[in-house]
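Please read the structure below before turning to the comments.
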Amino acid sequence: MSRKIITIFSFFVLLSFDLQAEDGHDLWLRGKGTNSVNVICSKKSPTLSIAMQELRQGWQGKTNEKIELVVKSDKAIKGDGFRIGKNRIQANTDIGILYGVYELMRRQQTGENIYEEVCNPSYERRILNHWDNLDGTIERGYAGSSIFWRKGKDSLTVTYTDKQLWQEYARANASIGINGSVLNNVNASPAILTADYLKKTKEIADVLRPYGIRTYLSVNFASPQVIGGLKTSDPLNSEVAQWWKNKVKEIYSLIPDFGGFLVKANSEGQPGPQDFGRTHADGANMLADALSPFGGMVMWRAFVYNPSDEDRAKQAYSEFMPLDGQFRDNVIIQVKNGPIDFQPREPFSPLFGAMKKTSVMPELQITQEYLGQSVHLVYLATMWEEFLKSDTYQEGKGSTVACCTDGSLFPQKHTAIAGVSNIGSDVNWCGHPFAQSNWYAFGRLAWNNSLSSEQIADEWIKLTFSDNSGESEIDVENSIYSPDWQVNFLQPVKQMMLNSREAAVNYMMPLGLHHIFAADHHYGPGPWWAPTGVRKDWTPPYYHKADSIGIGFDRTATGSNAVSQYQEPLQSMFSNSQTCPDIYLLWFHHLPWNFIMKDGQTLWDELCYHYDKGVRQVREFQKTWDQVQRYVDSERFSQVQTKLREQCMNAQVWKDACLLYFRQFSKMPFPNDMERPVNNLEDLIKKDEQSRKIK
Ligand code: BDP
């Protein structure tokens, strides 16, 4: 069908509000150019060609307008930042120009003002971590299989379709400023460093490069033994160090801009320097020395904990604080946002701001392992905003996590942020249409860590759902969306997104509860799960500690004293049950069931109301979504509608399971105005067991 016929056709389709089905593959990059543009650029490079092509394809400004792309140093522009104006984009680097182009086009499409302004990135390295295994499966992936690796011998082949997909992937990342990809799981197979896999890595890197994306790999610390035939992987052994040096040299001969290594060591069964009586610093520094001549980095994860008597929430801090100042300057410690593990809500990890002589980077989880996977609609930017804006008080008031990690407070040699990717081979990349917003939000926050989750949601909805073919909704001249669309679509959908994470916290683990998930798959509730012989710190009762007296983990001085790892005034505030924020109450305190909350309710009633509210919130999301049907194409509409229905059923299961289970201890009645459970506890426990057997 010719473009013209499609246009006429879609016009009639639009009139009847039956928008063309969309499979979501185009993500937030659906904008089509409506007008021609005159692009001037004196320099040539693959990246600049992409920039010019993007402008020509997507231009929604005035017809035949002139736009100049200028690669020229300017002190106000940092790293790969840019200066943007209506008719000119200037940057120090080619990739800076491409970022400027994407910014300009986003502003055209979302109707944001375009005035002369310098935009610099908050973090130097903005990286996706793919937990992709070399057999094509993805650890904690809920959107199909790996786009990089495949099962069997096929894992090493590269097809035209692969390259096309990698290019689309690179483009999507570049459009939101992501500039690095770790291509394999942190639970790394040593095979990734064999010649065949490095050859394939090179092919991927070649496709990602023009989009400014550097390639990184996760490595297995025991590689010298497993694939190198050495007797040890001791980081202080000279043969081991030499083996890594040779390996790094081999990598750089294939991939000259290789980013470096990501390492999970001595964690959850992975090998590490402690196997040889060495410290994390010994291990990280040995790798750093191998990478340093080539400008490579080591991202060394702080996610380490052992089945010891020490509270798991304290262990990363205990392990890493004594090593502060001992790391090479091309090592950066990668710390998960919370002290335990990507829970629906955690206070920030006390390592942020505390390690003052070491570069530290946050690790966020985009894939919704603990937040409903690809079934639940949970917009994560609100969680990340809460985290980035948390005040650590490490250098006085205002020492937010954002400031402690982006170089504005400490002179870090390198700054970075990582997000565990939620993408896979599904046609819409992320499984849930709204999960795309989390990929988008991660990129936007990595670029600018002071953006609000509301602004990001606003942008994303406009780019993802508006009919921006230029023929209707948007007034091209003024870039203004129709008031009807804004009031009846944008506003309610945005509100739903902004409420969605708190709703999930409510129906999963309110008031500071954490880690009460079903074992293994981490999808549903499992507060009862504690078989004999299983590590205690992998069982929910270790975390909720419900008993006849009360519920919660005492992390004050009378308990594990994890509060002592926080700076004042947080320490005192968290320690006192009267001043501890309700959202962290049971994270820091074990309190009696009839403890009186700030609003005068008992703790038990408050818990009941939170679970009840969570379910009701999801029911509201269902209504919201039904009401916007006429603004969404039928494919994405029914996909989201079906998923919301399932989310609602699951939220009910969460509420019933947790409240019926905890009531065995509280022995208190449900408050009268709470909706009653509709499931039996015994059935839910049975189903939970079956879900693991099926796996
Ligand atoms: C946990 C995941 C596990 C990861 C681990 C990690 O359940 O699959 O390997 O984090 O981050 O949350 O290393």
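Quick note on naming: the chains in the structure tokens go A, B, ... in the order shown, residues restart at 1 in each chain, and ligands are numbered from 1 in order of appearance.
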
- Message: Counting only C-alpha atoms and all ligand atoms, what are the residues, protein, DNA or RNA alike, that approach ligand 1 to within 7 Å? I want them as number ranges by chain.
- Response: A: 139-140, 186-187, 264, 303, 341-342

Export, as a short mmCIF file (atom, residue, chain, number, x, y, z; two decimals), in the first residue's frame, the selected residues with all heavy atoms.
data_model
loop_
_atom_site.label_atom_id
_atom_site.label_comp_id
_atom_site.auth_asym_id
_atom_site.auth_seq_id
_atom_site.Cartn_x
_atom_site.Cartn_y
_atom_site.Cartn_z
N GLU A 139 18.59 -15.42 32.71
CA GLU A 139 18.29 -15.52 34.14
C GLU A 139 17.41 -14.32 34.50
O GLU A 139 17.76 -13.16 34.21
CB GLU A 139 19.60 -15.49 34.95
CG GLU A 139 19.33 -15.63 36.43
CD GLU A 139 20.50 -16.26 37.20
OE1 GLU A 139 21.39 -16.86 36.59
OE2 GLU A 139 20.49 -16.15 38.44
N ARG A 140 16.26 -14.62 35.07
CA ARG A 140 15.28 -13.57 35.44
C ARG A 140 14.81 -12.78 34.22
O ARG A 140 14.52 -11.58 34.32
CB ARG A 140 15.86 -12.61 36.49
CG ARG A 140 16.54 -13.30 37.66
CD ARG A 140 15.65 -14.27 38.34
NE ARG A 140 16.33 -15.00 39.42
CZ ARG A 140 15.78 -16.00 40.08
NH1 ARG A 140 14.55 -16.40 39.79
NH2 ARG A 140 16.42 -16.61 41.04
N VAL A 186 25.88 -12.30 34.91
CA VAL A 186 26.88 -12.17 35.98
C VAL A 186 27.29 -13.52 36.54
O VAL A 186 28.41 -13.67 37.05
CB VAL A 186 26.38 -11.27 37.13
CG1 VAL A 186 26.42 -9.81 36.75
CG2 VAL A 186 24.99 -11.68 37.61
N ASN A 187 26.37 -14.48 36.49
CA ASN A 187 26.76 -15.86 36.81
C ASN A 187 27.40 -16.37 35.51
O ASN A 187 26.76 -17.03 34.70
CB ASN A 187 25.54 -16.70 37.19
CG ASN A 187 24.91 -16.18 38.48
OD1 ASN A 187 25.61 -15.86 39.44
ND2 ASN A 187 23.60 -16.07 38.50
N LYS A 264 30.99 -10.94 39.35
CA LYS A 264 30.29 -11.40 40.55
C LYS A 264 31.21 -12.45 41.16
O LYS A 264 31.39 -13.53 40.61
CB LYS A 264 28.95 -12.02 40.15
CG LYS A 264 28.20 -12.71 41.29
CD LYS A 264 26.82 -13.20 40.83
CE LYS A 264 26.07 -13.92 41.95
NZ LYS A 264 24.72 -14.35 41.52
N PHE A 303 27.47 -7.34 45.72
CA PHE A 303 26.38 -8.24 46.11
C PHE A 303 26.98 -9.54 46.64
O PHE A 303 27.03 -10.55 45.96
CB PHE A 303 25.48 -8.49 44.90
CG PHE A 303 24.33 -9.41 45.16
CD1 PHE A 303 23.29 -9.04 46.01
CD2 PHE A 303 24.26 -10.65 44.53
CE1 PHE A 303 22.23 -9.88 46.24
CE2 PHE A 303 23.18 -11.51 44.76
CZ PHE A 303 22.18 -11.13 45.62
N ASP A 341 18.28 -7.20 48.19
CA ASP A 341 18.23 -7.71 46.82
C ASP A 341 17.00 -7.26 46.04
O ASP A 341 16.04 -8.03 45.92
CB ASP A 341 18.27 -9.25 46.87
CG ASP A 341 18.46 -9.86 45.50
OD1 ASP A 341 18.64 -9.10 44.55
OD2 ASP A 341 18.44 -11.10 45.40
N PHE A 342 17.01 -6.10 45.45
CA PHE A 342 15.98 -5.67 44.51
C PHE A 342 14.55 -5.91 44.98
O PHE A 342 13.68 -6.30 44.20
CB PHE A 342 16.17 -6.38 43.17
CG PHE A 342 17.45 -6.08 42.46
CD1 PHE A 342 18.16 -7.08 41.79
CD2 PHE A 342 17.96 -4.78 42.42
CE1 PHE A 342 19.34 -6.80 41.10
CE2 PHE A 342 19.14 -4.49 41.74
CZ PHE A 342 19.83 -5.51 41.08
#

Could you pull the residues within 10 Å of A:Thr63, counting only C-alpha atoms, minus those fewer than 3 positions along the same chain, as a JSON list (two decimals) with N, CA, C and O atoms, in the first residue's frame?
[["chain", "number", "residue", "atom", "x", "y", "z"],
["A", 34, "THR", "N", 7.30, 14.13, 9.14],
["A", 34, "THR", "CA", 6.22, 14.60, 8.29],
["A", 34, "THR", "C", 6.74, 15.59, 7.27],
["A", 34, "THR", "O", 6.16, 15.79, 6.23],
["A", 35, "ASN", "N", 7.86, 16.20, 7.59],
["A", 35, "ASN", "CA", 8.36, 17.27, 6.74],
["A", 35, "ASN", "C", 9.81, 17.02, 6.34],
["A", 35, "ASN", "O", 10.52, 16.28, 7.02],
["A", 36, "SER", "N", 10.23, 17.67, 5.28],
["A", 36, "SER", "CA", 11.63, 17.50, 4.89],
["A", 36, "SER", "C", 12.48, 18.52, 5.66],
["A", 36, "SER", "O", 11.98, 19.53, 6.15],
["A", 37, "VAL", "N", 13.76, 18.20, 5.75],
["A", 37, "VAL", "CA", 14.66, 19.04, 6.53],
["A", 37, "VAL", "C", 16.00, 19.11, 5.81],
["A", 37, "VAL", "O", 16.40, 18.18, 5.12],
["A", 38, "ASN", "N", 16.68, 20.22, 5.98],
["A", 38, "ASN", "CA", 17.95, 20.43, 5.31],
["A", 38, "ASN", "C", 19.08, 20.28, 6.36],
["A", 38, "ASN", "O", 19.31, 21.17, 7.16],
["A", 59, "TRP", "N", 11.88, 14.14, 11.19],
["A", 59, "TRP", "CA", 11.70, 15.59, 11.37],
["A", 59, "TRP", "C", 10.23, 15.98, 11.46],
["A", 59, "TRP", "O", 9.43, 15.70, 10.58],
["A", 60, "GLN", "N", 9.88, 16.63, 12.54],
["A", 60, "GLN", "CA", 8.51, 17.11, 12.69],
["A", 60, "GLN", "C", 8.46, 18.62, 12.87],
["A", 60, "GLN", "O", 7.45, 19.17, 13.29],
["A", 66, "LYS", "N", 16.57, 24.48, 8.14],
["A", 66, "LYS", "CA", 17.98, 24.10, 8.10],
["A", 66, "LYS", "C", 18.42, 23.69, 9.50],
["A", 66, "LYS", "O", 18.08, 24.38, 10.47]]

- Query: Out of A:Ala241, A:Ala354, A:Leu183, A:Ile461, which residue has the shortest atom-to-atom distance to A:Gly260 when counting only C-alpha atoms?
  - Reply: A:Leu183

- Item | Nearest candidate to A:Glu568 (options A:Thr194, A:Ser308, A:Thr392, A:Thr201; using only C-alpha atoms) |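 That would be A:Thr392, the residue with the smallest distance to A:Glu568.
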
Stretch 550-563 of chain A surroundings by only C-alpha atoms, 8 Å radius, close-in-sequence under 2 positions cut, as a PDB file with C-alpha atoms, in the first residue's frame:
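After the write, out_21.pdb holds the following:
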ATOM      1  CA  GLU A 310      25.462 -11.757  60.482  1.00  0.00           C
ATOM      2  CA  ASP A 311      22.295 -10.110  59.196  1.00  0.00           C
ATOM      3  CA  ALA A 313      21.531  -6.685  55.121  1.00  0.00           C
ATOM      4  CA  LYS A 314      24.834  -5.817  56.840  1.00  0.00           C
ATOM      5  CA  LEU A 513       8.339  -6.250  54.845  1.00  0.00           C
ATOM      6  CA  TYR A 543      13.087 -11.813  57.048  1.00  0.00           C
ATOM      7  CA  HIS A 544       9.577 -11.353  58.459  1.00  0.00           C
ATOM      8  CA  LYS A 545      10.163 -13.092  61.796  1.00  0.00           C
ATOM      9  CA  ALA A 546       6.439 -13.310  62.526  1.00  0.00           C
ATOM     10  CA  ASP A 547       5.687 -14.866  65.922  1.00  0.00           C
ATOM     11  CA  SER A 548       3.044 -14.668  68.616  1.00  0.00           C
ATOM     12  CA  GLN A 565      25.769   1.421  59.152  1.00  0.00           C
ATOM     13  CA  TYR A 566      23.781   4.572  58.403  1.00  0.00           C
ATOM     14  CA  LEU A 570      19.274   8.422  59.872  1.00  0.00           C
ATOM     15  CA  GLN A 571      20.641   6.066  62.507  1.00  0.00           C
ATOM     16  CA  PHE A 574      15.477   4.517  61.891  1.00  0.00           C
ATOM     17  CA  SER A 575      16.223   3.210  65.405  1.00  0.00           C
ATOM     18  CA  LEU A 585       9.047   0.151  59.872  1.00  0.00           C
ATOM     19  CA  LEU A 586       9.251  -3.649  59.697  1.00  0.00           C
ATOM     20  CA  TRP A 587      12.593  -3.474  57.909  1.00  0.00           C
ATOM     21  CA  PHE A 588      14.122  -2.048  61.083  1.00  0.00           C
ATOM     22  CA  HIS A 589      11.786  -3.193  63.859  1.00  0.00           C
ATOM     23  CA  HIS A 590      10.123  -6.245  65.283  1.00  0.00           C
ATOM     24  CA  LEU A 591       6.904  -4.816  66.697  1.00  0.00           C
ATOM     25  CA  PRO A 592       3.911  -6.216  68.584  1.00  0.00           C
ATOM     26  CA  TRP A 593       0.795  -6.884  66.548  1.00  0.00           C
ATOM     27  CA  PHE A 665       0.431 -15.519  64.635  1.00  0.00           C
ATOM     28  CA  SER A 666      -1.480 -12.317  65.339  1.00  0.00           C
TER      29      SER A 666
END

Residues of stretch 334-367 of chain A at most 7 Å from stretch 396-413 of chain A: nearest atom pair and distance in Å, only C-alpha atoms, as a Markdown table:
| residue | atom | partner | partner_atom | distance |
| --- | --- | --- | --- | --- |
| A:Phe352 | CA | A:Val401 | CA | 6.2 |
| A:Gly353 | CA | A:Cys404 | CA | 5.1 |
| A:Lys356 | CA | A:Phe410 | CA | 6.8 |
| A:Ser359 | CA | A:Gln412 | CA | 5.2 |
| A:Val360 | CA | A:Thr405 | CA | 6.1 |
| A:Met361 | CA | A:Thr405 | CA | 6.0 |

Which residues of stretch 165-197 of chain A have any atom within 6 Å of an atom in stretch 118-127 of chain A when counting only C-alpha atoms, and what is the closest pair of atoms for each, with the distance in Å to one decimal? Order the rows by chain and rising number and write it as JSON lines.
{"residue": "A:Ile178", "atom": "CA", "partner": "A:Arg126", "partner_atom": "CA", "distance": 5.0}
{"residue": "A:Asn179", "atom": "CA", "partner": "A:Arg126", "partner_atom": "CA", "distance": 5.4}
{"residue": "A:Gly180", "atom": "CA", "partner": "A:Ile127", "partner_atom": "CA", "distance": 4.3}
{"residue": "A:Ser181", "atom": "CA", "partner": "A:Ile127", "partner_atom": "CA", "distance": 5.5}

- Got a sec to tell me which of stretch 246-444 of chain A DSSP assigns to strand (DSSP E or B), as JSON, numbers by chain? {"A": [260, 261, 262, 263, 297, 298, 299, 300, 301, 331, 332, 333, 334, 335, 336, 359, 360, 361, 362, 363, 364, 365, 391, 394, 396, 400, 416, 417, 418, 419, 420]}

Please provide as a CSV table (one decimal) with all heavy atoms, in the first residue's frame all residues within 10 Å of A:Trp604, with the sequence filter that same-chain residues fewer than 6 positions apart are discarded (counting only C-alpha atoms).
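Result file out_35.csv:
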chain,number,residue,atom,x,y,z
A,550,GLY,N,4.8,-10.5,67.5
A,550,GLY,CA,4.8,-9.5,66.5
A,550,GLY,C,5.4,-9.9,65.2
A,550,GLY,O,5.6,-11.1,64.9
A,551,ILE,N,5.9,-8.9,64.5
A,551,ILE,CA,6.4,-9.1,63.1
A,551,ILE,C,7.5,-8.1,62.8
A,551,ILE,O,7.5,-7.0,63.3
A,551,ILE,CB,5.3,-9.1,62.1
A,551,ILE,CG1,5.8,-9.4,60.7
A,551,ILE,CG2,4.5,-7.7,62.1
A,551,ILE,CD1,4.7,-9.6,59.6
A,592,PRO,N,5.1,-5.4,68.2
A,592,PRO,CA,3.9,-6.2,68.6
A,592,PRO,C,2.8,-6.0,67.6
A,592,PRO,O,2.6,-4.9,67.1
A,592,PRO,CB,3.6,-5.7,70.0
A,592,PRO,CG,4.6,-4.7,70.4
A,592,PRO,CD,5.5,-4.5,69.2
A,593,TRP,N,1.9,-7.0,67.5
A,593,TRP,CA,0.8,-6.9,66.5
A,593,TRP,C,-0.1,-5.7,66.9
A,593,TRP,O,-0.7,-5.1,66.0
A,593,TRP,CB,0.0,-8.2,66.5
A,593,TRP,CG,0.8,-9.3,66.0
A,593,TRP,CD1,1.3,-10.4,66.7
A,593,TRP,CD2,1.1,-9.6,64.7
A,593,TRP,NE1,2.0,-11.3,65.9
A,593,TRP,CE2,1.9,-10.8,64.6
A,593,TRP,CE3,0.9,-8.9,63.4
A,593,TRP,CZ2,2.4,-11.3,63.5
A,593,TRP,CZ3,1.4,-9.5,62.3
A,593,TRP,CH2,2.2,-10.7,62.3
A,594,ASN,N,-0.2,-5.4,68.2
A,594,ASN,CA,-1.1,-4.3,68.6
A,594,ASN,C,-0.3,-3.0,68.8
A,594,ASN,O,-0.8,-2.1,69.4
A,594,ASN,CB,-1.9,-4.7,69.9
A,594,ASN,CG,-0.9,-4.9,71.0
A,594,ASN,OD1,0.3,-4.8,70.9
A,594,ASN,ND2,-1.5,-5.4,72.2
A,595,PHE,N,0.9,-2.9,68.2
A,595,PHE,CA,1.7,-1.6,68.3
A,595,PHE,C,0.8,-0.5,67.6
A,595,PHE,O,0.2,-0.8,66.6
A,595,PHE,CB,3.0,-1.8,67.5
A,595,PHE,CG,3.7,-0.6,67.2
A,595,PHE,CD1,4.6,-0.1,68.2
A,595,PHE,CD2,3.6,0.1,66.0
A,595,PHE,CE1,5.4,1.1,68.0
A,595,PHE,CE2,4.4,1.3,65.8
A,595,PHE,CZ,5.2,1.8,66.8
A,596,ILE,N,0.8,0.6,68.3
A,596,ILE,CA,0.0,1.7,67.8
A,596,ILE,C,0.7,2.6,66.8
A,596,ILE,O,1.8,3.1,67.1
A,596,ILE,CB,-0.6,2.6,68.9
A,596,ILE,CG1,-1.4,1.8,69.9
A,596,ILE,CG2,-1.5,3.8,68.3
A,596,ILE,CD1,-2.7,1.1,69.3
A,597,MET,N,0.2,2.6,65.6
A,597,MET,CA,0.9,3.3,64.5
A,597,MET,C,0.6,4.8,64.6
A,597,MET,O,-0.2,5.3,65.4
A,597,MET,CB,0.3,2.8,63.1
A,597,MET,CG,0.5,1.4,62.9
A,597,MET,SD,2.2,0.8,62.5
A,597,MET,CE,2.4,1.6,60.9
A,659,LEU,N,-2.0,-12.3,54.6
A,659,LEU,CA,-2.8,-12.0,55.7
A,659,LEU,C,-3.3,-13.3,56.5
A,659,LEU,O,-3.3,-13.4,57.7
A,659,LEU,CB,-4.0,-11.2,55.3
A,659,LEU,CG,-3.7,-9.7,55.0
A,659,LEU,CD1,-4.9,-8.9,54.6
A,659,LEU,CD2,-2.9,-9.0,56.1
A,662,PHE,N,-0.1,-14.6,58.3
A,662,PHE,CA,0.3,-13.8,59.5
A,662,PHE,C,-0.8,-13.9,60.6
A,662,PHE,O,-0.5,-13.8,61.7
A,662,PHE,CB,0.5,-12.4,59.1
A,662,PHE,CG,1.8,-12.2,58.2
A,662,PHE,CD1,1.8,-11.4,57.1
A,662,PHE,CD2,3.0,-12.9,58.6
A,662,PHE,CE1,3.0,-11.2,56.4
A,662,PHE,CE2,4.1,-12.7,57.8
A,662,PHE,CZ,4.1,-11.9,56.7
A,663,ARG,N,-2.1,-14.1,60.2
A,663,ARG,CA,-3.1,-14.1,61.2
A,663,ARG,C,-3.0,-15.3,62.1
A,663,ARG,O,-3.4,-15.3,63.3
A,663,ARG,CB,-4.5,-14.1,60.6
A,663,ARG,CG,-5.6,-13.7,61.6
A,663,ARG,CD,-6.9,-13.5,61.1
A,663,ARG,NE,-7.4,-14.8,60.5
A,663,ARG,CZ,-8.6,-15.0,60.3
A,663,ARG,NH1,-9.5,-14.1,60.5
A,663,ARG,NH2,-9.0,-16.2,59.8
A,666,SER,N,-0.9,-13.5,64.7
A,666,SER,CA,-1.5,-12.3,65.3
A,666,SER,C,-2.7,-12.7,66.1
A,666,SER,O,-3.1,-12.1,67.1
A,666,SER,CB,-1.8,-11.2,64.3
A,666,SER,OG,-3.1,-11.5,63.7
A,667,LYS,N,-3.4,-13.7,65.6
A,667,LYS,CA,-4.7,-14.2,66.1
A,667,LYS,C,-5.7,-13.0,66.3
A,667,LYS,O,-6.5,-13.0,67.2
A,667,LYS,CB,-4.5,-14.9,67.5
A,667,LYS,CG,-3.5,-16.1,67.4
A,667,LYS,CD,-3.9,-17.1,68.4
A,667,LYS,CE,-3.0,-18.4,68.4
A,667,LYS,NZ,-2.3,-18.8,67.2
A,668,MET,N,-5.6,-12.0,65.5
A,668,MET,CA,-6.5,-10.8,65.6
A,668,MET,C,-7.5,-10.9,64.4
A,668,MET,O,-7.1,-11.4,63.4
A,668,MET,CB,-5.7,-9.5,65.6
A,668,MET,CG,-4.9,-9.3,66.9
A,668,MET,SD,-3.6,-8.0,66.8
A,668,MET,CE,-4.6,-6.6,67.0
A,669,PRO,N,-8.6,-10.3,64.7
A,669,PRO,CA,-9.6,-10.3,63.6
A,669,PRO,C,-9.3,-9.4,62.5
A,669,PRO,O,-8.6,-8.4,62.7
A,669,PRO,CB,-10.9,-9.9,64.3
A,669,PRO,CG,-10.5,-9.1,65.4
A,669,PRO,CD,-9.1,-9.7,65.9
A,670,PHE,N,-9.8,-9.6,61.3
A,670,PHE,CA,-9.6,-8.7,60.2
A,670,PHE,C,-10.5,-7.5,60.5
A,670,PHE,O,-11.6,-7.6,61.0
A,670,PHE,CB,-10.1,-9.2,58.8
A,670,PHE,CG,-9.2,-10.3,58.4
A,670,PHE,CD1,-9.7,-11.6,58.0
A,670,PHE,CD2,-7.8,-10.1,58.3
A,670,PHE,CE1,-8.8,-12.6,57.6
A,670,PHE,CE2,-6.9,-11.2,57.8
A,670,PHE,CZ,-7.5,-12.4,57.5
A,671,PRO,N,-10.0,-6.2,60.2
A,671,PRO,CA,-10.9,-5.1,60.4
A,671,PRO,C,-12.2,-5.2,59.6
A,671,PRO,O,-12.1,-5.8,58.5
A,671,PRO,CB,-10.0,-3.9,59.9
A,671,PRO,CG,-8.8,-4.5,59.3
A,671,PRO,CD,-8.7,-5.9,59.7

- Within 10 Å of A:Glu68, counting only C-alpha atoms, which residues show up once you throw out same-chain ones fewer than 2 positions away? Write them as number ranges by chain, please. A: 38-42, 52, 66, 70-71, 85-90

Restrict the selected residues to N, CA, C and O atoms and save them as a compact mmCIF listing (two decimals), in the first residue's frame.
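Just written: part31.txt:
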# COMPACT_ATOMS: atom_id res chain seq x y z
N ASN A 38 16.68 20.22 5.98
CA ASN A 38 17.95 20.43 5.31
C ASN A 38 19.08 20.28 6.36
O ASN A 38 19.31 21.17 7.16
N VAL A 39 19.75 19.11 6.36
CA VAL A 39 20.76 18.84 7.39
C VAL A 39 22.15 19.17 6.88
O VAL A 39 22.55 18.72 5.81
N ILE A 40 22.88 19.95 7.66
CA ILE A 40 24.24 20.31 7.26
C ILE A 40 25.22 19.77 8.29
O ILE A 40 25.07 20.00 9.49
N CYS A 41 26.22 19.04 7.80
CA CYS A 41 27.22 18.50 8.72
C CYS A 41 28.52 18.40 7.96
O CYS A 41 28.58 17.76 6.90
N SER A 42 29.58 19.04 8.50
CA SER A 42 30.81 19.09 7.72
C SER A 42 31.67 17.84 7.90
O SER A 42 32.52 17.53 7.09
N MET A 52 22.19 12.07 10.85
CA MET A 52 21.55 12.76 9.72
C MET A 52 20.32 12.00 9.23
O MET A 52 19.27 12.59 8.96
N LYS A 66 16.57 24.48 8.14
CA LYS A 66 17.98 24.10 8.10
C LYS A 66 18.42 23.69 9.50
O LYS A 66 18.08 24.38 10.47
N VAL A 70 27.29 20.32 14.52
CA VAL A 70 28.66 20.84 14.63
C VAL A 70 29.45 20.08 15.70
O VAL A 70 29.13 20.14 16.89
N VAL A 71 30.50 19.38 15.27
CA VAL A 71 31.38 18.71 16.24
C VAL A 71 32.51 19.69 16.56
O VAL A 71 33.41 19.90 15.75
N GLY A 85 19.81 23.52 20.11
CA GLY A 85 19.02 24.71 19.78
C GLY A 85 18.06 24.32 18.68
O GLY A 85 18.10 23.18 18.20
N LYS A 86 17.23 25.24 18.27
CA LYS A 86 16.23 24.90 17.25
C LYS A 86 16.87 24.47 15.93
O LYS A 86 16.39 23.58 15.25
N ASN A 87 18.01 25.13 15.59
CA ASN A 87 18.60 24.85 14.29
C ASN A 87 20.05 24.40 14.35
O ASN A 87 20.75 24.40 13.34
N ARG A 88 20.51 24.05 15.55
CA ARG A 88 21.92 23.72 15.66
C ARG A 88 22.13 22.76 16.82
O ARG A 88 21.57 22.94 17.89
N ILE A 89 22.95 21.76 16.57
CA ILE A 89 23.36 20.87 17.66
C ILE A 89 24.88 20.84 17.65
O ILE A 89 25.49 20.58 16.61
N GLN A 90 25.45 21.11 18.81
CA GLN A 90 26.91 21.09 18.91
C GLN A 90 27.32 20.08 19.97
O GLN A 90 26.65 19.93 21.00

- List every residue of stretch 299-531 of chain A that DSSP, applied to the backbone of this structure, places in alpha helix (DSSP H), and write the result as a PyMOL selection string. chain A and resi 312-320+381-388+401-405+436-447+453-465+483-485+491-508

- Option closest in space to A:Ala302, from A:Leu236, A:Leu323, A:Leu498, A:Ile333 [counting only C-alpha atoms]: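 Between A:Leu236, A:Leu323, A:Leu498, A:Ile333, the residue approaching A:Ala302 most closely is A:Ile333.
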
- Separation of atom CA of A:Pro307 from atom CA of A:Val219, in Å and rounded to one decimal: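 Spanning atom CA of A:Pro307 to atom CA of A:Val219 is a straight-line distance of 23.9 Å.
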
- Message: At a cut-off of 8 Å, using only C-alpha atoms, what residues contact A:Leu198? Leave out same-chain residues fewer than 6 positions from it and give the result as a PyMOL selection string.
- Response: chain A and resi 192+251+254

Next, the residues of the selection above should be written as a short mmCIF file (atom, residue, chain, number, x, y, z; two decimals), in the first residue's frame with N, CA, C and O atoms.
data_model
loop_
_atom_site.label_atom_id
_atom_site.label_comp_id
_atom_site.auth_asym_id
_atom_site.auth_seq_id
_atom_site.Cartn_x
_atom_site.Cartn_y
_atom_site.Cartn_z
N ILE A 192 32.72 -17.77 27.83
CA ILE A 192 32.61 -16.48 27.14
C ILE A 192 33.97 -15.96 26.71
O ILE A 192 34.09 -15.21 25.74
N ILE A 251 41.30 -9.67 23.63
CA ILE A 251 39.99 -9.01 23.49
C ILE A 251 40.14 -7.67 22.77
O ILE A 251 39.41 -7.35 21.84
N LEU A 254 40.50 -7.54 19.10
CA LEU A 254 39.24 -7.73 18.36
C LEU A 254 38.31 -6.53 18.52
O LEU A 254 37.60 -6.12 17.61
#

- Smallest atom-to-atom distance to A:Gln639: which of A:Ala418, A:Leu603, A:Ile138, A:Leu377, using only C-alpha atoms?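 Of the candidates, the smallest distance to A:Gln639 is held by A:Leu377.
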
- State, in Å with one decimal place, the distance from atom CA of A:Met299 to atom CA of A:Gly283. 11.6 Å

Interface rows for stretch 165-202 of chain A against stretch 16-31 of chain A: nearest pair, Å to one decimal, 10 Å, only C-alpha atoms, as a tab-separated table:
residue	atom	partner	partner_atom	distance
A:Glu168	CA	A:Asp26	CA	8.8
A:Arg171	CA	A:Leu29	CA	9.2
A:Ala172	CA	A:Leu29	CA	7.5
A:Ser175	CA	A:Leu29	CA	8.3
A:Ile176	CA	A:Trp28	CA	9.8

With C-alpha atoms retained, export the selected residues as a PDB file, in the first residue's frame.
ATOM      1  CA  GLU A 168      17.440  -1.834  16.478  1.00  0.00           C
ATOM      2  CA  ARG A 171      19.305   2.523  18.272  1.00  0.00           C
ATOM      3  CA  ALA A 172      16.761   2.246  21.077  1.00  0.00           C
ATOM      4  CA  SER A 175      17.950   7.258  21.788  1.00  0.00           C
ATOM      5  CA  ILE A 176      17.865   7.347  25.596  1.00  0.00           C
TER       6      ILE A 176
END
